[in-house]
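One structure is given here, and the rest of the page talks about it.
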Amino acid sequence: MCAPARSAHCYFSPSSFRPVETGADFAQGRHRISVNLRIDFHSEMFLCWGMATPAESLGSENWPILRTFLPNGWKEMARSTGALRRARDIPDAESLLRLLLMHVVNGYSLAETAARASQLGMELSAVALFKRLRASEEWLRWLAEQQRGRQPLAVESQGRPVRLVDATTVSEPGSTGTDWRVHYVVNLANLQCDFFELTDVKGGETLRRIPVRPGDIMLGDRIYATPVGVAHVKAGQADILVRLNRHSLPVFDAEGNVLNVLRLFRKMKLGQIRQWGTQIRHPSGGWVTGRLIALKRSAEATRLARRRLEINASKKQKKVSPESWEAAQYFFVWTTLTNSFPAPVVLELYRLRWQIELAFKRMKSIMGLGHLPKKDPASARAWLHGKIFASLLAERMVEAADKFSPWGYRLDSET
């Protein structure tokens, strides 16, 4: 969520549920904000801005600041989606959202959240709060979607957006397997999410669920290296760059013969980069042309890769195949990008895929996304959408902090 290099104060406070504009600053559209953000979910507060003291954090200026990051119509959506059909127990959409964030992000139990609400004059039971959470699933999903990165910006990719695709899993208490899967796309230019989808364990990782725009460069790991995925990306007038899976994405030469890629690699020297013009079979017939690009790893990198193979094989009570053992000497990708992207540039582009792994690590370590304390499907989905919403909201806050002046005011124009 928040970048590891920054520290920050981000707290949600159970007090002051009714926001009040404070002073001339808000009247003039100037909102105090800290350049330093620190996430602290063990405090009694939940969203205050960085350089404030604990006493100041209990004031009313913090929620109005957060509200500036919420999308237009968010209160109306609370009613239209059924999250707030009636104002019994909880007076308005703002109070409901803050209660949900206290429960979902701070990690308070339903009973503790209900107790804190009662101290503020809202009498509701843990069961009533649970029902509110279930009813808020669609509202929280909508809020999360509105926090996605707005514009695909260009990086070192000839002005084209690079989109990193991956998925992470979330398990329920006592589960021995995957219960939910979050499919996620990060725009490499601003490291912001521009698409996500929540599915159950049966929701497979495939590029077909990702909307593709003309000019995109879709970048994914081996699991996305399939003829169907390639066809989907090309149908969207985009290009694909994936780690080659020798089994799920066989490559062919110009005559239509299957290539033994390991045989091609055997003449490579240490640190050498080579490329070959290849093609893959389109699922509906015909061919899709592309390039196979490979690099021979150093002895130490090969040793580490083989060690990972041994660990994974041991977990599955299997043996590493001779082909996989040999393939560990090489790093290789397949792409439809033309020769205007030299082979070293393509490999450097793929190296940046790790950014989406860092995004998952932040979501799981800071936001606690990795363990799901719900067994009811509807409440589980609502909880997950709330977590994603809070993660994306914090991303926007961190991005906005870079645009604020040190004196704490957001200036629309310099005078």
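By convention in this document, the chains of the structure tokens carry letters A, B, ... by their order, each chain's residues are numbered from 1, and ligands are numbered from 1 in the order they are shown.
Around Arg163 of chain A, within 8 Å and counting only C-alpha atoms, the residues found are Val185, Val186, Asn187, Leu188, Asp216, Ile217, Met218 and Leu219 of chain A, once anything fewer than 3 positions away on its own chain is removed.
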Based on the selection just made, write N, CA, C and O atoms of those residues as a short mmCIF file (atom, residue, chain, number, x, y, z; two decimals), in the first residue's frame.
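Result file result.cif:
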data_model
loop_
_atom_site.label_atom_id
_atom_site.label_comp_id
_atom_site.auth_asym_id
_atom_site.auth_seq_id
_atom_site.Cartn_x
_atom_site.Cartn_y
_atom_site.Cartn_z
N VAL A 185 -4.18 -5.80 -11.75
CA VAL A 185 -3.38 -5.22 -12.83
C VAL A 185 -2.82 -3.89 -12.34
O VAL A 185 -3.56 -3.05 -11.83
N VAL A 186 -1.51 -3.72 -12.47
CA VAL A 186 -0.84 -2.49 -12.05
C VAL A 186 -0.26 -1.80 -13.28
O VAL A 186 0.37 -2.43 -14.13
N ASN A 187 -0.51 -0.49 -13.38
CA ASN A 187 0.09 0.31 -14.44
C ASN A 187 1.51 0.66 -14.02
O ASN A 187 1.73 1.26 -12.96
N LEU A 188 2.48 0.27 -14.82
CA LEU A 188 3.88 0.43 -14.44
C LEU A 188 4.29 1.90 -14.34
O LEU A 188 5.21 2.23 -13.59
N ASP A 216 -1.60 -1.36 -25.50
CA ASP A 216 -1.10 -1.87 -24.22
C ASP A 216 0.06 -2.86 -24.44
O ASP A 216 0.12 -3.55 -25.45
N ILE A 217 0.94 -2.92 -23.45
CA ILE A 217 1.93 -3.99 -23.36
C ILE A 217 1.57 -4.78 -22.09
O ILE A 217 1.77 -4.29 -20.98
N MET A 218 1.02 -5.96 -22.27
CA MET A 218 0.58 -6.79 -21.15
C MET A 218 1.74 -7.68 -20.72
O MET A 218 2.31 -8.42 -21.52
N LEU A 219 2.08 -7.63 -19.44
CA LEU A 219 3.28 -8.30 -18.94
C LEU A 219 2.89 -9.25 -17.81
O LEU A 219 2.29 -8.83 -16.83
#
For segment 288-321 of chain A versus segment 230-247 of chain A, which residues have an atom no more than 12 Å away, and what is each residue's nearest atom pair and distance in Å rounded to one decimal, using only C-alpha atoms, chain-then-number order, as a Markdown table?
| residue | atom | partner | partner_atom | distance |
| --- | --- | --- | --- | --- |
| A:Val288 | CA | A:Ala231 | CA | 8.0 |
| A:Thr289 | CA | A:Val230 | CA | 10.4 |
| A:Gly290 | CA | A:Ile240 | CA | 9.3 |
| A:Arg291 | CA | A:Leu241 | CA | 9.7 |
| A:Leu292 | CA | A:Leu244 | CA | 8.3 |
| A:Ile293 | CA | A:Leu244 | CA | 9.4 |
| A:Ala294 | CA | A:Leu244 | CA | 9.8 |
Which residues are near Met268 of chain A? Cut-off 9 Å, only C-alpha atoms, ignore same chain within fewer than 6 positions. Put them as a CSV table (one decimal) with all heavy atoms, in the first residue's frame.
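Just written: selection-v4.csv:
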chain,number,residue,atom,x,y,z
A,274,ARG,N,20.3,-13.7,-26.6
A,274,ARG,CA,20.0,-14.1,-28.0
A,274,ARG,C,18.5,-14.1,-28.2
A,274,ARG,O,17.7,-14.2,-27.3
A,274,ARG,CB,20.6,-15.5,-28.3
A,274,ARG,CG,22.1,-15.5,-28.4
A,274,ARG,CD,22.5,-16.8,-29.1
A,274,ARG,NE,22.1,-17.0,-30.4
A,274,ARG,CZ,22.2,-18.0,-31.2
A,274,ARG,NH1,22.8,-19.1,-30.7
A,274,ARG,NH2,21.7,-18.1,-32.4
A,295,LEU,N,18.5,-15.3,-22.0
A,295,LEU,CA,19.8,-14.9,-21.4
A,295,LEU,C,20.3,-16.0,-20.6
A,295,LEU,O,19.6,-16.7,-19.9
A,295,LEU,CB,19.5,-13.7,-20.5
A,295,LEU,CG,20.6,-13.3,-19.5
A,295,LEU,CD1,21.8,-12.7,-20.2
A,295,LEU,CD2,20.1,-12.3,-18.4
A,296,LYS,N,21.7,-16.3,-20.7
A,296,LYS,CA,22.3,-17.4,-19.9
A,296,LYS,C,22.7,-16.8,-18.6
A,296,LYS,O,23.4,-15.8,-18.5
A,296,LYS,CB,23.5,-18.0,-20.6
A,296,LYS,CG,24.0,-19.2,-19.9
A,296,LYS,CD,25.0,-20.0,-20.7
A,296,LYS,CE,25.4,-21.3,-19.9
A,296,LYS,NZ,26.3,-22.1,-20.7
Picked from segment 155-389 of chain A by DSSP as alpha helix (DSSP H), as a PyMOL selection string: chain A and resi 227-235+261-265+299-315+322-327+343-351+354-365+377-389
Leu249 of chain A surroundings by only C-alpha atoms, 12 Å radius, close-in-sequence under 6 positions cut, as a ChimeraX atom specification: /A:222-231,242-243,258-259,261,278-283,288,292,333-335
